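entry_29.txt follows; it contains compact mmCIF, C-alpha atoms.
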```
# COMPACT_ATOMS: atom_id res chain seq x y z
CA MET U 1 91.58 96.98 114.76
CA ALA U 2 89.15 99.33 116.43
CA GLU U 3 86.85 101.43 114.29
CA SER U 4 85.06 104.61 115.28
CA THR U 5 81.64 104.03 116.80
CA ALA U 6 80.46 107.49 115.73
CA VAL U 7 77.42 107.59 113.50
CA ASN U 8 78.65 107.39 109.92
CA THR U 9 76.61 109.77 107.81
CA GLU U 10 77.46 107.80 104.66
CA TRP U 11 75.46 104.84 105.99
CA GLU U 12 72.57 107.05 107.16
CA ILE U 13 72.10 105.29 110.47
CA GLY U 14 69.46 107.83 111.45
CA GLU U 15 67.19 106.54 108.69
CA PHE U 16 66.69 103.24 110.53
CA ASP U 17 64.02 102.69 113.16
CA ILE U 18 66.24 100.83 115.60
CA PRO U 19 63.64 100.65 118.42
CA GLY U 20 61.21 99.14 115.90
CA TYR U 21 63.88 96.67 114.79
CA LEU U 22 64.58 95.60 118.37
CA ARG U 23 60.87 95.12 118.99
CA ALA U 24 60.59 93.03 115.84
CA ILE U 25 63.38 90.67 116.92
CA ASP U 26 62.31 90.83 120.60
CA VAL U 27 65.75 91.68 122.03
CA THR U 28 66.29 94.07 124.93
CA PRO U 29 69.33 96.28 124.31
CA GLY U 30 72.21 96.61 126.73
CA PRO U 31 75.92 97.40 126.80
CA PRO U 32 77.88 95.98 123.83
CA SER U 33 79.02 92.44 124.59
CA LEU U 34 79.53 89.12 122.85
CA GLU U 35 76.43 87.79 124.60
CA LEU U 36 74.30 90.61 123.19
CA LEU U 37 75.84 90.20 119.74
CA GLU U 38 74.97 86.50 119.84
CA LYS U 39 71.37 87.28 120.80
CA LEU U 40 70.98 89.92 118.11
CA HIS U 41 72.42 87.74 115.34
CA ARG U 42 70.31 84.72 116.22
CA ALA U 43 67.13 86.74 116.65
CA HIS U 44 67.68 88.47 113.31
CA VAL U 45 68.01 85.28 111.26
CA PHE U 46 65.06 83.69 113.06
CA THR U 47 62.87 86.75 112.39
CA PHE U 48 63.62 87.99 108.88
CA PRO U 49 63.70 85.63 105.90
CA PHE U 50 66.30 85.66 103.16
CA SER U 51 64.26 86.36 100.03
CA ASN U 52 64.68 87.46 96.42
CA VAL U 53 60.92 87.80 95.91
CA GLU U 54 61.12 91.56 95.46
CA VAL U 55 63.74 91.14 92.72
CA LEU U 56 61.56 88.62 90.90
CA LEU U 57 58.51 90.84 91.17
CA GLY U 58 60.49 93.55 89.42
CA ASN U 59 59.72 96.38 91.81
CA HIS U 60 62.65 96.31 94.22
CA PRO U 61 62.97 99.73 95.89
CA GLY U 62 66.76 99.57 96.02
CA VAL U 63 69.17 99.27 98.92
CA LYS U 64 69.62 102.82 100.11
CA PRO U 65 69.41 102.89 103.91
CA ALA U 66 66.13 104.77 103.89
CA THR U 67 64.42 101.83 102.16
CA VAL U 68 66.15 98.87 103.82
CA GLY U 69 64.58 99.12 107.26
CA THR U 70 61.14 99.67 105.80
CA GLN U 71 61.59 96.68 103.51
CA LEU U 72 62.54 94.24 106.25
CA VAL U 73 60.91 95.52 109.42
CA GLU U 74 57.75 97.33 108.30
CA ARG U 75 56.79 95.66 105.03
CA ARG U 76 58.14 92.22 106.08
CA ARG U 77 59.27 91.43 102.55
CA GLY U 78 62.50 89.69 103.44
CA GLY U 79 65.64 90.53 101.55
CA TYR U 80 69.16 89.45 100.78
CA CYS U 81 72.59 90.36 102.10
CA PHE U 82 72.64 94.04 101.12
CA GLU U 83 69.48 94.63 103.13
CA HIS U 84 70.11 92.30 106.06
CA SER U 85 73.69 93.40 106.64
CA GLN U 86 72.97 97.12 106.35
CA LEU U 87 70.16 96.86 108.88
CA PHE U 88 72.19 94.67 111.23
CA ALA U 89 75.23 96.96 111.04
CA ALA U 90 73.10 100.04 111.68
CA ALA U 91 71.50 98.44 114.73
CA LEU U 92 74.87 97.40 116.13
CA GLU U 93 76.37 100.86 115.64
CA SER U 94 73.35 102.44 117.29
CA LEU U 95 73.87 100.15 120.27
CA GLY U 96 77.52 101.14 120.60
CA PHE U 97 79.26 98.26 118.83
CA THR U 98 82.33 98.87 116.69
CA VAL U 99 81.41 97.79 113.17
CA ARG U 100 83.07 97.41 109.79
CA ARG U 101 81.15 96.41 106.68
CA ALA U 102 82.73 93.90 104.28
CA LEU U 103 82.14 92.56 100.78
CA GLY U 104 83.02 89.15 99.42
CA ARG U 105 82.76 86.67 96.59
CA VAL U 106 80.40 83.69 96.78
CA ARG U 107 81.98 80.24 96.33
CA ASP U 108 84.40 81.30 93.58
CA LEU U 109 87.35 83.68 93.52
CA GLU U 110 86.28 84.80 90.06
CA SER U 111 82.73 85.74 91.06
CA PRO U 112 81.88 89.43 91.67
CA ARG U 113 82.02 90.99 95.12
CA THR U 114 78.29 90.77 95.66
CA HIS U 115 77.98 89.41 99.20
CA MET U 116 77.87 91.75 102.19
CA THR U 117 78.80 90.79 105.73
CA VAL U 118 79.38 92.65 109.00
CA LEU U 119 82.59 92.61 111.04
CA VAL U 120 82.23 93.47 114.73
CA ASP U 121 84.96 94.13 117.30
CA VAL U 122 84.23 92.93 120.84
CA ASP U 123 86.83 92.84 123.63
CA GLY U 124 89.73 92.97 121.17
CA VAL U 125 88.40 90.19 118.93
CA ARG U 126 86.99 90.76 115.45
CA TYR U 127 83.92 88.62 114.65
CA LEU U 128 82.26 87.81 111.35
CA CYS U 129 78.48 88.19 111.38
CA ASP U 130 76.60 86.92 108.34
CA PRO U 131 72.87 87.58 108.75
CA GLY U 132 72.14 87.77 105.03
CA PHE U 133 73.49 84.57 103.48
CA GLY U 134 70.38 82.40 103.64
CA PHE U 135 71.59 79.02 104.92
CA SER U 136 74.30 80.47 107.07
CA VAL U 137 75.62 80.77 110.57
CA THR U 138 73.22 81.82 113.34
CA GLY U 139 75.78 83.73 115.38
CA PRO U 140 79.19 85.42 115.27
CA ILE U 141 82.42 83.55 114.56
CA PRO U 142 85.90 84.95 115.26
CA LEU U 143 87.60 86.25 112.14
CA ALA U 144 90.75 84.26 112.84
CA GLU U 145 92.64 81.43 111.18
CA GLY U 146 91.21 78.11 112.37
CA ALA U 147 88.17 79.58 114.15
CA VAL U 148 85.26 77.12 114.30
CA ARG U 149 81.60 77.46 115.18
CA ASP U 150 79.71 74.19 115.71
CA GLU U 151 75.96 74.34 115.06
CA GLY U 152 74.84 70.77 115.52
CA ASP U 153 75.07 69.03 112.16
CA ARG U 154 76.94 71.94 110.61
CA LYS U 155 80.45 73.19 111.28
CA PHE U 156 81.50 76.65 110.19
CA SER U 157 85.14 77.64 109.99
CA ILE U 158 87.41 80.51 109.02
CA GLY U 159 90.70 80.22 107.14
CA ARG U 160 93.19 82.33 105.25
CA ILE U 161 93.64 82.12 101.49
CA GLU U 162 95.20 84.40 98.87
CA ASP U 163 93.98 85.73 95.54
CA GLU U 164 97.03 86.68 93.49
CA GLY U 165 98.83 87.56 96.71
CA TRP U 166 95.94 89.52 98.21
CA PRO U 167 94.92 88.07 101.62
CA LEU U 168 91.32 86.91 102.00
CA TRP U 169 89.27 85.21 104.65
CA ALA U 170 87.46 82.04 103.57
CA PHE U 171 84.20 81.25 105.33
CA GLN U 172 83.42 77.55 105.11
CA ARG U 173 80.49 75.30 105.96
CA ASP U 174 81.47 71.66 106.53
CA ASP U 175 84.81 72.36 104.82
CA GLU U 176 83.11 73.71 101.68
CA MET U 177 83.74 77.38 100.89
CA GLU U 178 80.65 79.55 101.21
CA HIS U 179 82.33 82.85 100.41
CA VAL U 180 85.56 84.81 100.73
CA LEU U 181 85.87 88.33 102.06
CA ASP U 182 88.47 90.98 102.66
CA GLU U 183 88.67 93.86 105.11
CA SER U 184 89.11 96.68 102.62
CA THR U 185 86.87 99.72 103.01
CA VAL U 186 83.30 99.41 101.76
CA HIS U 187 81.30 102.48 100.79
CA ALA U 188 77.56 102.78 100.32
CA ALA U 189 78.09 103.17 96.57
CA ASP U 190 79.71 99.70 96.49
CA VAL U 191 76.56 98.21 97.97
CA ARG U 192 74.33 99.94 95.46
CA MET U 193 76.56 98.71 92.63
CA GLY U 194 76.46 95.13 93.95
CA HIS U 195 72.69 95.28 94.19
CA MET U 196 72.47 96.53 90.61
CA LYS U 197 74.48 93.52 89.48
CA THR U 198 72.46 90.94 91.40
CA SER U 199 69.05 92.44 90.68
CA THR U 200 69.37 93.38 86.99
CA ASP U 201 71.98 91.13 85.36
CA PRO U 202 70.05 88.63 83.18
CA GLU U 203 72.45 85.91 84.32
CA SER U 204 71.98 86.64 88.02
CA VAL U 205 70.75 83.67 90.02
CA PHE U 206 68.30 86.01 91.74
CA LEU U 207 66.50 86.61 88.44
CA ASN U 208 66.41 82.97 87.43
CA HIS U 209 65.41 81.17 90.61
CA LEU U 210 63.17 81.70 93.61
CA MET U 211 65.12 81.56 96.87
CA VAL U 212 63.41 82.07 100.20
CA MET U 213 65.11 80.75 103.34
CA LYS U 214 64.73 81.09 107.07
CA HIS U 215 65.91 79.59 110.32
CA THR U 216 62.92 78.37 112.32
CA PRO U 217 62.57 76.59 115.67
CA GLU U 218 61.90 73.39 113.70
CA GLY U 219 64.99 73.72 111.50
CA HIS U 220 66.22 75.60 108.47
CA VAL U 221 63.70 75.85 105.61
CA THR U 222 64.43 76.64 101.96
CA VAL U 223 61.71 77.24 99.36
CA THR U 224 62.54 77.36 95.65
CA GLU U 225 60.38 77.43 92.53
CA THR U 226 60.09 73.63 92.62
CA GLY U 227 59.94 72.59 96.24
CA MET U 228 60.96 72.86 99.87
CA THR U 229 63.95 71.58 101.84
CA VAL U 230 63.91 71.24 105.62
CA ARG U 231 67.10 70.61 107.57
CA VAL U 232 66.79 69.61 111.22
CA PRO U 233 69.92 68.86 113.29
CA GLY U 234 70.18 65.14 113.98
CA GLU U 235 67.61 64.17 111.36
CA PRO U 236 67.80 63.38 107.63
CA THR U 237 67.27 66.31 105.29
CA VAL U 238 63.72 66.32 103.91
CA GLN U 239 63.07 67.49 100.35
CA GLU U 240 59.50 67.89 99.16
CA SER U 241 58.21 68.75 95.70
CA LEU U 242 55.53 71.43 95.70
CA ASN U 243 53.00 72.62 93.18
CA VAL U 244 52.99 76.31 92.27
CA ASP U 245 50.29 77.30 94.76
CA GLN U 246 52.10 75.46 97.55
CA VAL U 247 55.33 77.28 96.70
CA VAL U 248 53.64 80.65 97.15
CA GLU U 249 51.90 79.49 100.33
CA ASN U 250 55.21 78.44 101.85
CA VAL U 251 56.89 81.69 100.83
CA ARG U 252 54.24 83.45 102.84
CA ALA U 253 54.62 80.97 105.70
CA LEU U 254 58.31 81.87 105.98
CA GLY U 255 57.39 85.48 106.63
CA VAL U 256 57.35 87.18 103.23
CA SER U 257 54.30 89.44 103.25
CA LEU U 258 52.38 89.48 99.95
CA ASN U 259 49.05 90.98 99.07
CA GLU U 260 46.76 89.04 96.76
CA GLN U 261 47.90 90.83 93.63
CA GLU U 262 51.55 90.20 94.48
CA ALA U 263 50.84 86.56 95.29
CA GLU U 264 49.15 86.15 91.91
CA ARG U 265 52.11 87.77 90.18
CA LEU U 266 54.55 85.52 92.05
CA THR U 267 52.47 82.51 91.02
CA GLN U 268 52.92 83.50 87.38
CA ILE U 269 56.67 84.00 87.86
CA VAL U 270 57.11 80.64 89.61
CA THR U 271 55.19 78.96 86.79
CA ARG U 272 57.56 80.53 84.26
CA LEU U 273 60.64 79.53 86.26
CA ARG U 274 59.47 75.92 86.33
CA ASP U 275 59.13 75.67 82.54
```

What's the structure tokens form of this structure?
Amino acid sequence: MAESTAVNTEWEIGEFDIPGYLRAIDVTPGPPSLELLEKLHRAHVFTFPFSNVEVLLGNHPGVKPATVGTQLVERRRGGYCFEHSQLFAAALESLGFTVRRALGRVRDLESPRTHMTVLVDVDGVRYLCDPGFGFSVTGPIPLAEGAVRDEGDRKFSIGRIEDEGWPLWAFQRDDEMEHVLDESTVHAADVRMGHMKTSTDPESVFLNHLMVMKHTPEGHVTVTETGMTVRVPGEPTVQESLNVDQVVENVRALGVSLNEQEAERLTQIVTRLRD
């Protein structure tokens, strides 16, 4: 199960500003442990929003390691799985964790392998970390049949399924499949190819809808081109319709940094998406 903790030149770990990342999420590093992994995962999803704004604006810089850290930590633009998981994996490896990157299919065995997660070995147990799925788990869950993580009103679980005889792990939220993944080797080129699919395919959901999400102390917030959804454990889900200006305001409120020209451009895009 164990993987080498040596710096993998393919993933260009040295391109990431790990001290800057740790300052951004306000976590003090220490020896690799499940407690530290829990802190890092939770702090990451409470700090950096899931966002496809850069894809919609049409000027995404790509997902090579040299751009990912800048995108999330310095520019505060948010991002999706290819950015979040690369940054998270790089930070973990730099801190001495044993890491394996994984790709999966979202909600359908026939969908492309365009979701990236991080597998982490701690004390002989392999954990799934999923910092880039939007409305996802806030901490690690054992990659084992029947593993469960209870997060108040949501229950996450892991189970085994097969795709034409090939073993997969199914990650479920409240017994509904979120995505499936395997443990085959992932290379940096696979991530770039997945990003090309999700950011340029005319049928990609990321080109046809606004999706900005973040865990906050008040609950989980989702902003789309039409409104906002707030989920608070123990309370009814609140859905609110927003006008175009309010959509952009709430995108910014969730931590996506936009200058005035970019905000104006996003306003035009949201208007088009609503038609």

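One distance worth recording is that between CA of Ser184 (chain U) and CA of Asp150 (chain U), which is 27.7 Å.
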
Test item: residues at most 10 Å from Val73 (chain U), all atoms listed in the file, excluding those fewer than 5 positions along its chain, as JSON, numbers by chain: {"U": [16, 17, 18, 20, 21, 22, 23, 24, 25, 47, 48, 68, 78, 87]}

From the set U:Ser199, U:Ser94, U:Gln261, U:Gln239, which residue has the shortest atom-to-atom contact distance to Gly58 (chain U), counting all atoms listed in the file?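 Using all atoms listed in the file, the shortest distance to Gly58 (chain U) belongs to U:Ser199.
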
Excluding Met228 (chain U) and residues on its chain fewer than 4 positions from it, collect all residues at most 10 Å away from it, counting all atoms listed in the file, and give them as a list of chain:residue names. U:Val212, U:Met213, U:Val221, U:Thr222, U:Val223, U:Thr224, U:Val238, U:Gln239, U:Glu240, U:Ser241, U:Leu242, U:Gln246, U:Val247, U:Asn250, U:Val251

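Interatomic distance, CA of Leu181 (chain U) to CA of Lys155 (chain U): 18.5 Å.
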
Can you write out as CSV which residues of region 91-203 of chain U fall within 10 Å of region 29-36 of chain U, alongside each residue's closest atom pair and its distance in Å to one decimal, counting only C-alpha atoms and ordering rows by chain and ascending residue number?
```
residue,atom,partner,partner_atom,distance
U:Leu92,CA,U:Pro32,CA,8.4
U:Glu93,CA,U:Pro32,CA,9.7
U:Leu95,CA,U:Pro32,CA,6.8
U:Gly96,CA,U:Pro32,CA,6.1
U:Phe97,CA,U:Pro32,CA,5.7
U:Thr98,CA,U:Pro32,CA,8.9
U:Val120,CA,U:Leu34,CA,9.6
U:Asp121,CA,U:Leu34,CA,9.2
U:Val122,CA,U:Leu34,CA,6.4
U:Asp123,CA,U:Ser33,CA,7.9
U:Val125,CA,U:Leu34,CA,9.8
U:Tyr127,CA,U:Leu34,CA,9.3
U:Gly139,CA,U:Leu34,CA,9.9
U:Pro140,CA,U:Leu34,CA,8.4
```

Mind checking which residues fall within 7 Å of region 170-177 of chain U, counting only C-alpha atoms, ignoring those fewer than 3 positions away in the same chain, and posting them as a list of chain:residue names?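 These residues fall inside the cut-off: U:Arg107, U:Arg154, U:Lys155, U:Phe156, U:Ser157, U:Ile158, U:Gly159, U:Arg160, U:Ile161, U:Val180, U:Leu181.
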
Atomic distance CA of Ser257 (chain U) - CA of Lys214 (chain U), expressed in Å with one decimal: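 CA of Lys214 (chain U) lies at a distance of 13.9 Å from CA of Ser257 (chain U).
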
Determine, counting all atoms listed in the file, which protein, DNA and RNA residues have an atom within 8 Å of an atom of Ala43 (chain U); residues of the same chain fewer than 3 positions away are not included. Present the result as a list in words.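 The neighbour list is Ile25, Asp26, Val27, Lys39, Leu40, Phe46 and Thr47 of chain U.
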
So that I can check the surroundings of Glu151 (chain U), please list as an mmCIF file with C-alpha atoms, in the frame of the given file every protein, DNA and RNA residue that reaches within 9 Å of it, counting only C-alpha atoms and ignoring chain neighbours fewer than 6 positions away.
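Dumped to around-v5.cif:
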```
data_model
loop_
_atom_site.group_PDB
_atom_site.id
_atom_site.type_symbol
_atom_site.label_atom_id
_atom_site.label_comp_id
_atom_site.auth_asym_id
_atom_site.auth_seq_id
_atom_site.Cartn_x
_atom_site.Cartn_y
_atom_site.Cartn_z
ATOM 1 C CA VAL U 137 75.620 80.770 110.570
ATOM 2 C CA THR U 138 73.220 81.820 113.340
ATOM 3 C CA PRO U 233 69.920 68.860 113.290
#
```

Kindly complete region 147-158 of chain U to all heavy atoms; the output should be written as a short mmCIF file (atom, residue, chain, number, x, y, z; two decimals), in the frame of the given file.
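Ended up saving to part-v2.cif:
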```
data_model
loop_
_atom_site.label_atom_id
_atom_site.label_comp_id
_atom_site.auth_asym_id
_atom_site.auth_seq_id
_atom_site.Cartn_x
_atom_site.Cartn_y
_atom_site.Cartn_z
N ALA U 147 89.35 79.41 113.31
CA ALA U 147 88.17 79.58 114.15
C ALA U 147 87.05 78.66 113.68
O ALA U 147 86.85 78.48 112.48
CB ALA U 147 87.70 81.03 114.14
N VAL U 148 86.33 78.08 114.62
CA VAL U 148 85.26 77.12 114.30
C VAL U 148 84.02 77.47 115.11
O VAL U 148 84.11 77.83 116.29
CB VAL U 148 85.70 75.68 114.61
CG1 VAL U 148 84.53 74.72 114.43
CG2 VAL U 148 86.87 75.26 113.72
N ARG U 149 82.88 77.35 114.48
CA ARG U 149 81.60 77.46 115.18
C ARG U 149 80.78 76.22 114.86
O ARG U 149 80.46 75.96 113.70
CB ARG U 149 80.84 78.72 114.76
CG ARG U 149 79.51 78.88 115.51
CD ARG U 149 78.76 80.13 115.05
NE ARG U 149 77.45 80.20 115.67
CZ ARG U 149 77.16 80.84 116.80
NH1 ARG U 149 78.12 81.50 117.42
NH2 ARG U 149 75.94 80.85 117.29
N ASP U 150 80.45 75.44 115.88
CA ASP U 150 79.71 74.19 115.71
C ASP U 150 78.23 74.46 115.94
O ASP U 150 77.83 74.95 117.00
CB ASP U 150 80.22 73.16 116.72
CG ASP U 150 79.72 71.75 116.41
OD1 ASP U 150 78.65 71.63 115.79
OD2 ASP U 150 80.40 70.79 116.79
N GLU U 151 77.40 74.15 114.94
CA GLU U 151 75.96 74.34 115.06
C GLU U 151 75.24 73.02 114.80
O GLU U 151 74.50 72.85 113.84
CB GLU U 151 75.48 75.43 114.09
CG GLU U 151 76.06 76.80 114.40
CD GLU U 151 75.26 77.94 113.80
OE1 GLU U 151 74.40 77.67 112.93
OE2 GLU U 151 75.51 79.08 114.19
N GLY U 152 75.49 72.07 115.66
CA GLY U 152 74.84 70.77 115.52
C GLY U 152 75.42 69.99 114.37
O GLY U 152 76.58 69.58 114.40
N ASP U 153 74.62 69.80 113.32
CA ASP U 153 75.07 69.03 112.16
C ASP U 153 75.95 69.83 111.22
O ASP U 153 76.45 69.29 110.24
CB ASP U 153 73.85 68.51 111.38
CG ASP U 153 73.17 67.37 112.09
OD1 ASP U 153 73.63 67.01 113.19
OD2 ASP U 153 72.18 66.85 111.56
N ARG U 154 76.14 71.11 111.49
CA ARG U 154 76.94 71.94 110.61
C ARG U 154 78.12 72.54 111.37
O ARG U 154 77.99 72.94 112.53
CB ARG U 154 76.09 73.08 110.03
CG ARG U 154 74.93 72.61 109.19
CD ARG U 154 74.15 73.80 108.68
NE ARG U 154 73.61 74.58 109.78
CZ ARG U 154 73.38 75.90 109.74
NH1 ARG U 154 73.66 76.57 108.64
NH2 ARG U 154 72.88 76.54 110.77
N LYS U 155 79.26 72.59 110.69
CA LYS U 155 80.45 73.19 111.28
C LYS U 155 80.92 74.32 110.37
O LYS U 155 81.19 74.11 109.19
CB LYS U 155 81.58 72.15 111.43
CG LYS U 155 82.84 72.73 112.08
CD LYS U 155 83.97 71.72 112.08
CE LYS U 155 84.54 71.55 110.68
NZ LYS U 155 85.76 70.71 110.65
N PHE U 156 81.00 75.50 110.92
CA PHE U 156 81.50 76.65 110.19
C PHE U 156 82.93 76.95 110.62
O PHE U 156 83.27 76.80 111.81
CB PHE U 156 80.63 77.88 110.45
CG PHE U 156 79.24 77.75 109.89
CD1 PHE U 156 78.19 77.29 110.69
CD2 PHE U 156 78.96 78.07 108.57
CE1 PHE U 156 76.91 77.17 110.18
CE2 PHE U 156 77.68 77.95 108.04
CZ PHE U 156 76.66 77.49 108.85
N SER U 157 83.75 77.37 109.67
CA SER U 157 85.14 77.64 109.99
C SER U 157 85.67 78.81 109.18
O SER U 157 85.09 79.18 108.15
CB SER U 157 86.01 76.40 109.75
OG SER U 157 85.93 75.99 108.40
N ILE U 158 86.76 79.38 109.66
CA ILE U 158 87.41 80.51 109.02
C ILE U 158 88.85 80.14 108.70
O ILE U 158 89.54 79.54 109.53
CB ILE U 158 87.40 81.75 109.93
CG1 ILE U 158 85.98 82.20 110.24
CG2 ILE U 158 88.21 82.90 109.31
CD1 ILE U 158 85.27 82.87 109.10
#
```
